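Student: Next comes coords18.pdb, PDB, C-alpha atoms and all ligand atoms:
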```pdb
ATOM      1  CA  MET A  28      -6.884   7.526  18.184
ATOM      2  CA  PHE A  29      -4.069   6.897  20.704
ATOM      3  CA  ASP A  30      -4.630   9.353  23.525
ATOM      4  CA  TYR A  31      -1.522  11.473  24.107
ATOM      5  CA  THR A  32      -0.838  15.191  23.924
ATOM      6  CA  ALA A  33       2.819  15.960  23.387
ATOM      7  CA  PRO A  34       4.342  19.057  24.973
ATOM      8  CA  ALA A  35       5.866  21.403  22.365
ATOM      9  CA  ASP A  36       9.430  20.722  23.565
ATOM     10  CA  LEU A  37       9.001  16.936  23.973
ATOM     11  CA  LEU A  38      11.939  15.960  21.769
ATOM     12  CA  THR A  39      14.316  18.877  22.283
ATOM     13  CA  GLY A  40      17.924  17.717  22.083
ATOM     14  CA  ARG A  41      17.005  14.311  20.645
ATOM     15  CA  VAL A  42      18.361  12.923  17.382
ATOM     16  CA  ILE A  43      15.842  10.701  15.594
ATOM     17  CA  LEU A  44      16.387   8.678  12.426
ATOM     18  CA  ILE A  45      13.325   7.871  10.310
ATOM     19  CA  THR A  46      13.386   5.595   7.260
ATOM     20  CA  GLY A  47      11.029   6.354   4.400
ATOM     21  CA  ALA A  48      10.944   9.974   5.572
ATOM     22  CA  GLY A  49      10.052  11.380   2.153
ATOM     23  CA  ASP A  50       6.404  10.351   1.964
ATOM     24  CA  GLY A  51       3.375   9.052   3.840
ATOM     25  CA  ILE A  52       3.668   8.278   7.546
ATOM     26  CA  GLY A  53       7.472   8.697   7.595
ATOM     27  CA  ARG A  54       7.203  12.223   6.197
ATOM     28  CA  ALA A  55       4.588  13.175   8.799
ATOM     29  CA  CYS A  56       6.717  11.621  11.533
ATOM     30  CA  ALA A  57       9.789  13.604  10.454
ATOM     31  CA  LEU A  58       7.862  16.891  10.352
ATOM     32  CA  SER A  59       6.178  16.192  13.670
ATOM     33  CA  CYS A  60       9.405  15.189  15.454
ATOM     34  CA  ALA A  61      11.158  18.302  14.139
ATOM     35  CA  ALA A  62       8.231  20.474  15.256
ATOM     36  CA  HIS A  63       8.670  19.001  18.756
ATOM     37  CA  GLY A  64      12.349  19.937  18.844
ATOM     38  CA  ALA A  65      14.148  16.869  17.447
ATOM     39  CA  THR A  66      17.002  16.852  14.978
ATOM     40  CA  VAL A  67      15.735  14.385  12.404
ATOM     41  CA  VAL A  68      17.847  12.182  10.169
ATOM     42  CA  LEU A  69      15.897  11.773   6.941
ATOM     43  CA  VAL A  70      16.571   8.392   5.320
ATOM     44  CA  GLY A  71      14.792   7.399   2.114
ATOM     45  CA  ARG A  72      15.001   6.377  -1.490
ATOM     46  CA  THR A  73      13.887   9.451  -3.447
ATOM     47  CA  GLN A  74      16.223  12.390  -2.836
ATOM     48  CA  SER A  75      13.797  15.039  -4.151
ATOM     49  CA  LYS A  76      11.150  13.972  -1.616
ATOM     50  CA  LEU A  77      13.677  14.083   1.240
ATOM     51  CA  GLU A  78      14.750  17.555   0.082
ATOM     52  CA  GLU A  79      11.152  18.754   0.185
ATOM     53  CA  VAL A  80      10.832  17.559   3.807
ATOM     54  CA  TYR A  81      14.222  19.086   4.645
ATOM     55  CA  ASP A  82      13.159  22.454   3.195
ATOM     56  CA  ALA A  83       9.815  22.398   5.044
ATOM     57  CA  ILE A  84      11.612  21.773   8.369
ATOM     58  CA  GLU A  85      14.132  24.553   7.713
ATOM     59  CA  ALA A  86      11.443  26.999   6.595
ATOM     60  CA  ALA A  87       9.517  26.337   9.821
ATOM     61  CA  GLY A  88      12.634  27.205  11.842
ATOM     62  CA  HIS A  89      12.969  23.758  13.435
ATOM     63  CA  PRO A  90      16.380  22.128  14.127
ATOM     64  CA  GLN A  91      18.363  21.559  10.945
ATOM     65  CA  PRO A  92      17.819  17.973   9.767
ATOM     66  CA  ALA A  93      20.317  15.587   8.173
ATOM     67  CA  LEU A  94      19.546  14.241   4.713
ATOM     68  CA  CYS A  95      20.699  10.685   3.981
ATOM     69  CA  PRO A  96      19.468   9.136   0.714
ATOM     70  CA  LEU A  97      19.636   5.336   0.951
ATOM     71  CA  ASN A  98      17.834   2.623  -0.979
ATOM     72  CA  LEU A  99      17.053  -0.104   1.547
ATOM     73  CA  GLU A 100      16.657  -2.652  -1.232
ATOM     74  CA  THR A 101      20.267  -2.371  -2.359
ATOM     75  CA  ALA A 102      22.109  -0.921   0.672
ATOM     76  CA  THR A 103      24.965  -3.092   1.915
ATOM     77  CA  GLU A 104      26.275  -3.737   5.405
ATOM     78  CA  LYS A 105      29.009  -1.165   4.643
ATOM     79  CA  ASP A 106      26.456   1.496   3.690
ATOM     80  CA  TYR A 107      24.832   1.115   7.122
ATOM     81  CA  GLU A 108      28.220   1.205   8.871
ATOM     82  CA  ASP A 109      29.174   4.344   6.924
ATOM     83  CA  LEU A 110      25.896   5.987   7.938
ATOM     84  CA  ALA A 111      26.542   5.076  11.583
ATOM     85  CA  ASP A 112      30.082   6.538  11.379
ATOM     86  CA  GLN A 113      28.733   9.734   9.832
ATOM     87  CA  LEU A 114      26.078  10.082  12.557
ATOM     88  CA  PHE A 115      28.616   9.301  15.265
ATOM     89  CA  ASP A 116      30.921  12.066  14.008
ATOM     90  CA  THR A 117      28.061  14.566  13.728
ATOM     91  CA  PHE A 118      25.886  13.771  16.748
ATOM     92  CA  GLY A 119      27.683  11.141  18.861
ATOM     93  CA  LYS A 120      24.382   9.403  19.708
ATOM     94  CA  LEU A 121      20.954   8.399  18.432
ATOM     95  CA  ASP A 122      17.852   8.811  20.637
ATOM     96  CA  GLY A 123      15.237   7.449  18.260
ATOM     97  CA  LEU A 124      15.134   4.952  15.393
ATOM     98  CA  VAL A 125      11.888   4.618  13.443
ATOM     99  CA  HIS A 126      11.815   1.711  10.988
ATOM    100  CA  ASN A 127       9.026   3.055   8.820
ATOM    101  CA  ALA A 128       9.925   2.381   5.172
ATOM    102  CA  ALA A 129       8.305  -0.683   3.659
ATOM    103  CA  GLU A 130       7.462  -2.304   0.369
ATOM    104  CA  LEU A 131       3.899  -3.524  -0.199
ATOM    105  CA  GLY A 132       4.826  -6.165  -2.783
ATOM    106  CA  PRO A 133       2.412  -8.456  -4.609
ATOM    107  CA  ARG A 134      -1.010  -9.108  -3.111
ATOM    108  CA  THR A 135      -1.886 -12.505  -4.450
ATOM    109  CA  LEU A 136      -2.051 -16.159  -3.453
ATOM    110  CA  LEU A 137       1.144 -17.017  -1.615
ATOM    111  CA  ASP A 138       2.044 -19.758  -4.105
ATOM    112  CA  SER A 139       1.716 -17.245  -6.971
ATOM    113  CA  VAL A 140       4.293 -14.857  -5.520
ATOM    114  CA  LYS A 141       7.408 -14.666  -7.686
ATOM    115  CA  PRO A 142      10.560 -15.479  -5.696
ATOM    116  CA  GLU A 143      12.202 -12.156  -6.725
ATOM    117  CA  ALA A 144       9.222 -10.239  -5.352
ATOM    118  CA  TRP A 145       9.340 -12.238  -2.111
ATOM    119  CA  MET A 146      13.066 -11.494  -1.705
ATOM    120  CA  ARG A 147      12.572  -7.779  -2.411
ATOM    121  CA  VAL A 148       9.868  -7.398   0.244
ATOM    122  CA  MET A 149      11.936  -9.302   2.800
ATOM    123  CA  GLN A 150      15.027  -7.233   1.947
ATOM    124  CA  VAL A 151      13.285  -3.885   2.502
ATOM    125  CA  ASN A 152      10.918  -4.826   5.340
ATOM    126  CA  VAL A 153      13.029  -7.270   7.388
ATOM    127  CA  ASN A 154      16.697  -7.405   6.396
ATOM    128  CA  ALA A 155      17.104  -3.624   6.167
ATOM    129  CA  PRO A 156      15.701  -2.932   9.674
ATOM    130  CA  PHE A 157      17.982  -5.697  11.020
ATOM    131  CA  LEU A 158      21.097  -4.270   9.315
ATOM    132  CA  LEU A 159      20.234  -0.698  10.268
ATOM    133  CA  THR A 160      19.502  -1.596  13.907
ATOM    134  CA  ARG A 161      22.722  -3.595  14.110
ATOM    135  CA  ALA A 162      24.754  -0.655  12.802
ATOM    136  CA  MET A 163      22.986   1.866  15.066
ATOM    137  CA  MET A 164      23.256  -0.052  18.377
ATOM    138  CA  PRO A 165      26.454   1.733  19.533
ATOM    139  CA  LEU A 166      24.809   5.105  18.822
ATOM    140  CA  LEU A 167      21.610   4.073  20.615
ATOM    141  CA  ARG A 168      23.667   2.913  23.609
ATOM    142  CA  ALA A 169      25.354   6.321  23.683
ATOM    143  CA  ALA A 170      21.994   8.064  24.232
ATOM    144  CA  ASP A 171      20.466   8.534  27.704
ATOM    145  CA  ASP A 172      17.045   7.223  26.726
ATOM    146  CA  ALA A 173      16.748   5.591  23.299
ATOM    147  CA  SER A 174      13.604   4.356  21.581
ATOM    148  CA  VAL A 175      13.392   1.945  18.643
ATOM    149  CA  GLN A 176      10.062   1.736  16.812
ATOM    150  CA  LEU A 177       9.185  -0.833  14.179
ATOM    151  CA  LEU A 178       6.198  -0.210  11.921
ATOM    152  CA  SER A 179       3.902  -3.194  11.824
ATOM    153  CA  SER A 180       0.444  -3.849  10.397
ATOM    154  CA  SER A 181      -2.752  -5.660  11.353
ATOM    155  CA  VAL A 182      -1.748  -8.365   8.831
ATOM    156  CA  GLY A 183       1.492  -8.793  10.788
ATOM    157  CA  ARG A 184      -0.476  -9.720  13.889
ATOM    158  CA  LYS A 185      -3.035 -11.997  12.252
ATOM    159  CA  GLY A 186      -2.395 -13.491   8.826
ATOM    160  CA  ARG A 187      -4.819 -12.650   6.030
ATOM    161  CA  ALA A 188      -5.291 -14.189   2.579
ATOM    162  CA  TYR A 189      -3.593 -12.466  -0.380
ATOM    163  CA  TRP A 190      -1.369 -10.233   1.750
ATOM    164  CA  GLY A 191       1.631 -12.324   0.671
ATOM    165  CA  PRO A 192       5.199 -11.514   1.687
ATOM    166  CA  TYR A 193       4.118  -8.156   3.147
ATOM    167  CA  ALA A 194       2.099  -9.885   5.888
ATOM    168  CA  VAL A 195       4.865 -12.416   6.529
ATOM    169  CA  SER A 196       7.451  -9.620   6.720
ATOM    170  CA  LYS A 197       5.370  -7.771   9.313
ATOM    171  CA  PHE A 198       5.213 -10.935  11.474
ATOM    172  CA  ALA A 199       9.025 -10.915  11.257
ATOM    173  CA  VAL A 200       9.030  -7.260  12.299
ATOM    174  CA  GLU A 201       6.962  -8.141  15.381
ATOM    175  CA  GLY A 202       9.407 -10.979  16.084
ATOM    176  CA  MET A 203      12.414  -8.667  15.750
ATOM    177  CA  MET A 204      10.755  -6.226  18.135
ATOM    178  CA  GLN A 205      10.085  -8.945  20.738
ATOM    179  CA  VAL A 206      13.569 -10.487  20.566
ATOM    180  CA  LEU A 207      15.381  -7.149  20.713
ATOM    181  CA  ALA A 208      13.117  -5.848  23.478
ATOM    182  CA  ASP A 209      13.665  -9.001  25.548
ATOM    183  CA  GLU A 210      17.421  -8.512  25.235
ATOM    184  CA  GLN A 211      17.213  -5.133  26.996
ATOM    185  CA  ASP A 212      17.631  -5.922  30.679
ATOM    186  CA  GLY A 213      16.721  -3.612  33.547
ATOM    187  CA  THR A 214      19.867  -1.539  33.075
ATOM    188  CA  SER A 215      19.431  -0.914  29.344
ATOM    189  CA  ASN A 216      18.744   2.605  28.126
ATOM    190  CA  ILE A 217      16.987   1.246  25.018
ATOM    191  CA  ARG A 218      13.324   0.339  24.581
ATOM    192  CA  VAL A 219      11.848  -1.381  21.548
ATOM    193  CA  ASN A 220       8.194  -1.394  20.507
ATOM    194  CA  SER A 221       6.042  -1.891  17.418
ATOM    195  CA  VAL A 222       3.304   0.345  16.057
ATOM    196  CA  ASN A 223       0.428  -0.629  13.791
ATOM    197  CA  PRO A 224      -0.639   2.661  12.174
ATOM    198  CA  GLY A 225      -4.031   1.319  11.034
ATOM    199  CA  ALA A 226      -5.570   2.441   7.742
ATOM    200  CA  THR A 227      -3.908   5.764   6.932
ATOM    201  CA  ARG A 228      -4.184   8.050   3.886
ATOM    202  CA  THR A 229      -0.842   7.436   2.127
ATOM    203  CA  PRO A 230       0.451   6.315  -1.274
ATOM    204  CA  MET A 231       0.805   2.744   0.068
ATOM    205  CA  ARG A 232      -2.808   2.635   1.240
ATOM    206  CA  ALA A 233      -3.961   3.933  -2.161
ATOM    207  CA  LYS A 234      -1.948   1.205  -3.866
ATOM    208  CA  ALA A 235      -3.405  -1.513  -1.626
ATOM    209  CA  TYR A 236      -6.998  -0.235  -1.937
ATOM    210  CA  PRO A 237      -7.278   1.512  -5.330
ATOM    211  CA  ASN A 238     -11.100   1.676  -5.189
ATOM    212  CA  GLU A 239     -11.345   3.157  -1.710
ATOM    213  CA  GLN A 240     -12.314   6.783  -1.026
ATOM    214  CA  ALA A 241      -9.048   8.145   0.388
ATOM    215  CA  GLU A 242     -10.895  10.607   2.663
ATOM    216  CA  ILE A 243     -12.315   7.871   4.889
ATOM    217  CA  ASN A 244      -8.883   7.296   6.424
ATOM    218  CA  PRO A 245      -7.026   9.710   8.708
ATOM    219  CA  LYS A 246      -4.103  11.679   7.345
ATOM    220  CA  PRO A 247      -0.632  10.634   8.573
ATOM    221  CA  GLU A 248      -0.432  13.830  10.712
ATOM    222  CA  GLU A 249      -3.463  12.651  12.684
ATOM    223  CA  ILE A 250      -1.861   9.393  13.860
ATOM    224  CA  MET A 251       1.276  11.017  15.296
ATOM    225  CA  PRO A 252       0.403  10.923  19.054
ATOM    226  CA  VAL A 253       1.631   7.327  19.546
ATOM    227  CA  PHE A 254       4.857   8.034  17.634
ATOM    228  CA  LEU A 255       5.598  11.074  19.780
ATOM    229  CA  TYR A 256       4.702   9.216  22.966
ATOM    230  CA  LEU A 257       7.084   6.371  22.133
ATOM    231  CA  LEU A 258       9.931   8.691  21.109
ATOM    232  CA  GLY A 259       9.710  10.945  24.153
ATOM    233  CA  PRO A 260      10.543  10.408  27.840
ATOM    234  CA  ASP A 261       6.944   9.617  28.864
ATOM    235  CA  SER A 262       7.252   6.082  27.434
ATOM    236  CA  LYS A 263      10.519   5.279  29.213
ATOM    237  CA  ALA A 264       9.048   2.240  30.986
ATOM    238  CA  ARG A 265       7.388   0.745  27.884
ATOM    239  CA  ASN A 266       9.354  -2.048  26.219
ATOM    240  CA  GLY A 267       8.370  -5.020  24.063
ATOM    241  CA  GLU A 268       4.810  -3.861  23.424
ATOM    242  CA  ALA A 269       2.702  -3.832  20.276
ATOM    243  CA  PHE A 270       0.935  -0.459  19.969
ATOM    244  CA  ASP A 271      -1.926   0.701  17.763
ATOM    245  CA  ALA A 272      -1.909   4.275  16.486
ATOM    246  CA  GLN A 273      -5.700   4.311  16.109
TER     247      GLN A 273
HETATM  248  P1  LIG A 301       4.278   4.773   1.701
HETATM  249  O1  LIG A 301       4.508   3.754   0.640
HETATM  250  O2  LIG A 301       3.216   5.765   1.483
HETATM  251  O3  LIG A 301       5.651   5.477   2.068
HETATM  252  C1  LIG A 301       6.756   4.653   2.337
HETATM  253  C2  LIG A 301       8.036   5.435   2.325
HETATM  254  O4  LIG A 301       9.096   4.478   2.409
HETATM  255  C3  LIG A 301       8.251   6.217   1.033
HETATM  256  O5  LIG A 301       8.844   7.451   1.323
HETATM  257  C4  LIG A 301       9.182   5.324   0.260
HETATM  258  O6  LIG A 301      10.051   5.995  -0.617
HETATM  259  C5  LIG A 301      10.001   4.684   1.359
HETATM  260  N1  LIG A 301      10.608   3.453   0.860
HETATM  261  C6  LIG A 301       9.996   2.407   0.280
HETATM  262  N2  LIG A 301      10.891   1.522  -0.142
HETATM  263  C7  LIG A 301      12.112   2.019   0.171
HETATM  264  C8  LIG A 301      13.437   1.591  -0.050
HETATM  265  N3  LIG A 301      13.709   0.474  -0.710
HETATM  266  N4  LIG A 301      14.440   2.354   0.413
HETATM  267  C9  LIG A 301      14.200   3.509   1.057
HETATM  268  N5  LIG A 301      12.972   3.991   1.260
HETATM  269  C10 LIG A 301      11.935   3.254   0.811
HETATM  270  O7  LIG A 301       3.949   3.936   3.034
HETATM  271  P2  LIG A 301       3.102   4.366   4.333
HETATM  272  O8  LIG A 301       3.505   5.707   4.756
HETATM  273  O9  LIG A 301       1.685   4.047   4.094
HETATM  274  O10 LIG A 301       3.615   3.268   5.366
HETATM  275  C11 LIG A 301       4.603   3.520   6.349
HETATM  276  C12 LIG A 301       4.698   2.283   7.221
HETATM  277  O11 LIG A 301       3.432   2.003   7.828
HETATM  278  C13 LIG A 301       5.077   1.018   6.460
HETATM  279  O12 LIG A 301       5.923   0.226   7.249
HETATM  280  C14 LIG A 301       3.753   0.324   6.244
HETATM  281  O13 LIG A 301       3.914  -1.058   6.088
HETATM  282  C15 LIG A 301       3.025   0.671   7.533
HETATM  283  N6  LIG A 301       1.575   0.612   7.454
HETATM  284  C16 LIG A 301       0.858   1.531   6.718
HETATM  285  C17 LIG A 301      -0.523   1.488   6.674
HETATM  286  C18 LIG A 301      -1.337   2.483   5.903
HETATM  287  O14 LIG A 301      -2.577   2.369   5.889
HETATM  288  N7  LIG A 301      -0.746   3.467   5.257
HETATM  289  C19 LIG A 301      -1.281   0.464   7.435
HETATM  290  C20 LIG A 301      -0.443  -0.475   8.135
HETATM  291  C21 LIG A 301       0.923  -0.390   8.145
HETATM  292  P3  LIG A 301       9.561   6.665  -2.005
HETATM  293  O15 LIG A 301       8.967   7.940  -1.584
HETATM  294  O16 LIG A 301      10.780   6.781  -2.781
HETATM  295  O17 LIG A 301       8.536   5.736  -2.582
END
```
What would you get if you wrote out this structure as structure tokens?
Ligand code: NDP
Tutor:
Amino acid sequence: MFDYTAPADLLTGRVILITGAGDGIGRACALSCAAHGATVVLVGRTQSKLEEVYDAIEAAGHPQPALCPLNLETATEKDYEDLADQLFDTFGKLDGLVHNAAELGPRTLLDSVKPEAWMRVMQVNVNAPFLLTRAMMPLLRAADDASVQLLSSSVGRKGRAYWGPYAVSKFAVEGMMQVLADEQDGTSNIRVNSVNPGATRTPMRAKAYPNEQAEINPKPEEIMPVFLYLLGPDSKARNGEAFDAQ
């Protein structure tokens, strides 16, 4: 596991947006960031799941989160601009942006993938992070020390048979990370990195490996050290790197 122990007040005063915050790794990330003092912006598709995370954060007495239901498959450029305007009016800045939500899509021979399925995976996993990052740049620039994290995968670093558009989309995610990171010169307040969570006990993992014993993989809460490290001030000098959570 990535070796980092976060101080309890690591993220105090920071505003952090997490996509796919209603389940799996995104949910754990939202809860963990809030527990370390951040105001989290919960973005996701299923409102009831976001509400459950919202209620858990409030009940624990952590900073009040913001709840922003958004389907990344259908969201338009205007939806992202409206979200940015709303966040600007409420917070005036964004200190962390975690592109976590993703679609697994079909796992089959590449030439058997239906074009609609290919487009859907690319829309959620690549186009949405691009559109969201683009809309959030002014807010990220308004923060003292902003961190952008893109969730990758081992199949986004080395291609593997039958992983279809998901694997290709994660290569694009690594590419987006590298290009954006390289555009931050020495004076930029923004750093951009990718994280491969490794096998983690979530609904997506269960879908990808239906015959696997879920207990062999760590829970999302257990892989949080790298996320906290990258979102807090201790990683200020790290930019353009591909991290592994495990
Ligand atoms: P899950 O499928 O368990 O959770 C993904 C979350 O993203 C869900 O809350 C889901 O919403 C949301 N989401 C999916 N599609 C959309 C959409 N169109 N619009 C808005 N929200 C959406 O995934 P994991 O937690 O397992 O994965 C998180 C990240 O980690 C992903 O990027 C994944 O590729 C990566 N990863 C995961 C690994 C693992 O072993 N778990 C291994 C390697 C990489 P809803 O709740 O409505 O379904």
Student: Between A:Asp82, A:Asp36, A:Glu130, A:Glu210, single out the one closest to ligand LIG 301 (chain A), counting only C-alpha atoms and all ligand atoms.
Tutor: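 Between A:Asp82, A:Asp36, A:Glu130, A:Glu210, the residue approaching ligand LIG 301 (chain A) most closely is A:Glu130.
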Student: Could you expand the PyMOL selection byres (((not hetatm)) within 8 of (chain A and resi 301)) into the explicit residues it covers here, written as a ChimeraX atom specification?
Tutor: /A:46-54,70-74,76,96-101,126-131,151-152,177-181,193,197,223-232,247
Student: Measuring between only C-alpha atoms, which one of A:Trp145, A:Trp190, A:Phe115, A:Phe254 shows the shortest distance to Leu167 (chain A)?
Tutor: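 Of the candidates, the smallest distance to Leu167 (chain A) is held by A:Phe115.
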Student: Of the candidates A:Leu159, A:Val80, A:Leu69, A:Leu166, which shows the shortest atom-to-atom distance to Leu114 (chain A), using only C-alpha atoms?
Tutor: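 So, comparing all the options, the nearest one is A:Leu166.
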Student: Write out as a PDB file with C-alpha atoms, in the frame of the given file which residues come within 10 Å of Ala170 (chain A) when counting only C-alpha atoms, dropping same-chain ones fewer than 5 positions away.
Tutor:
```
ATOM      1  CA  ARG A  41      17.005  14.311  20.645  1.00  0.00           C
ATOM      2  CA  VAL A  42      18.361  12.923  17.382  1.00  0.00           C
ATOM      3  CA  GLY A 119      27.683  11.141  18.861  1.00  0.00           C
ATOM      4  CA  LYS A 120      24.382   9.403  19.708  1.00  0.00           C
ATOM      5  CA  LEU A 121      20.954   8.399  18.432  1.00  0.00           C
ATOM      6  CA  ASP A 122      17.852   8.811  20.637  1.00  0.00           C
ATOM      7  CA  GLY A 123      15.237   7.449  18.260  1.00  0.00           C
ATOM      8  CA  PRO A 165      26.454   1.733  19.533  1.00  0.00           C
ATOM      9  CA  ASN A 216      18.744   2.605  28.126  1.00  0.00           C
ATOM     10  CA  ILE A 217      16.987   1.246  25.018  1.00  0.00           C
TER      11      ILE A 217
END
```
Student: Just give me the gap between CA of Gly267 (chain A) and CA of Asp209 (chain A) in Å, one decimal is fine.
Tutor: 6.8 Å
Student: Excluding same-chain residues fewer than 5 positions from Leu257 (chain A), what lies within 10 Å of it counting all atoms listed in the file, as a CSV table (one decimal) with C-alpha atoms, in the coordinates of the input?
Tutor:
```csv
chain,number,residue,atom,x,y,z
A,123,GLY,CA,15.2,7.4,18.3
A,173,ALA,CA,16.7,5.6,23.3
A,174,SER,CA,13.6,4.4,21.6
A,175,VAL,CA,13.4,1.9,18.6
A,176,GLN,CA,10.1,1.7,16.8
A,218,ARG,CA,13.3,0.3,24.6
A,219,VAL,CA,11.8,-1.4,21.5
A,220,ASN,CA,8.2,-1.4,20.5
A,221,SER,CA,6.0,-1.9,17.4
A,222,VAL,CA,3.3,0.3,16.1
A,252,PRO,CA,0.4,10.9,19.1
A,262,SER,CA,7.3,6.1,27.4
A,263,LYS,CA,10.5,5.3,29.2
A,264,ALA,CA,9.0,2.2,31.0
A,265,ARG,CA,7.4,0.7,27.9
A,266,ASN,CA,9.4,-2.0,26.2
A,270,PHE,CA,0.9,-0.5,20.0
```
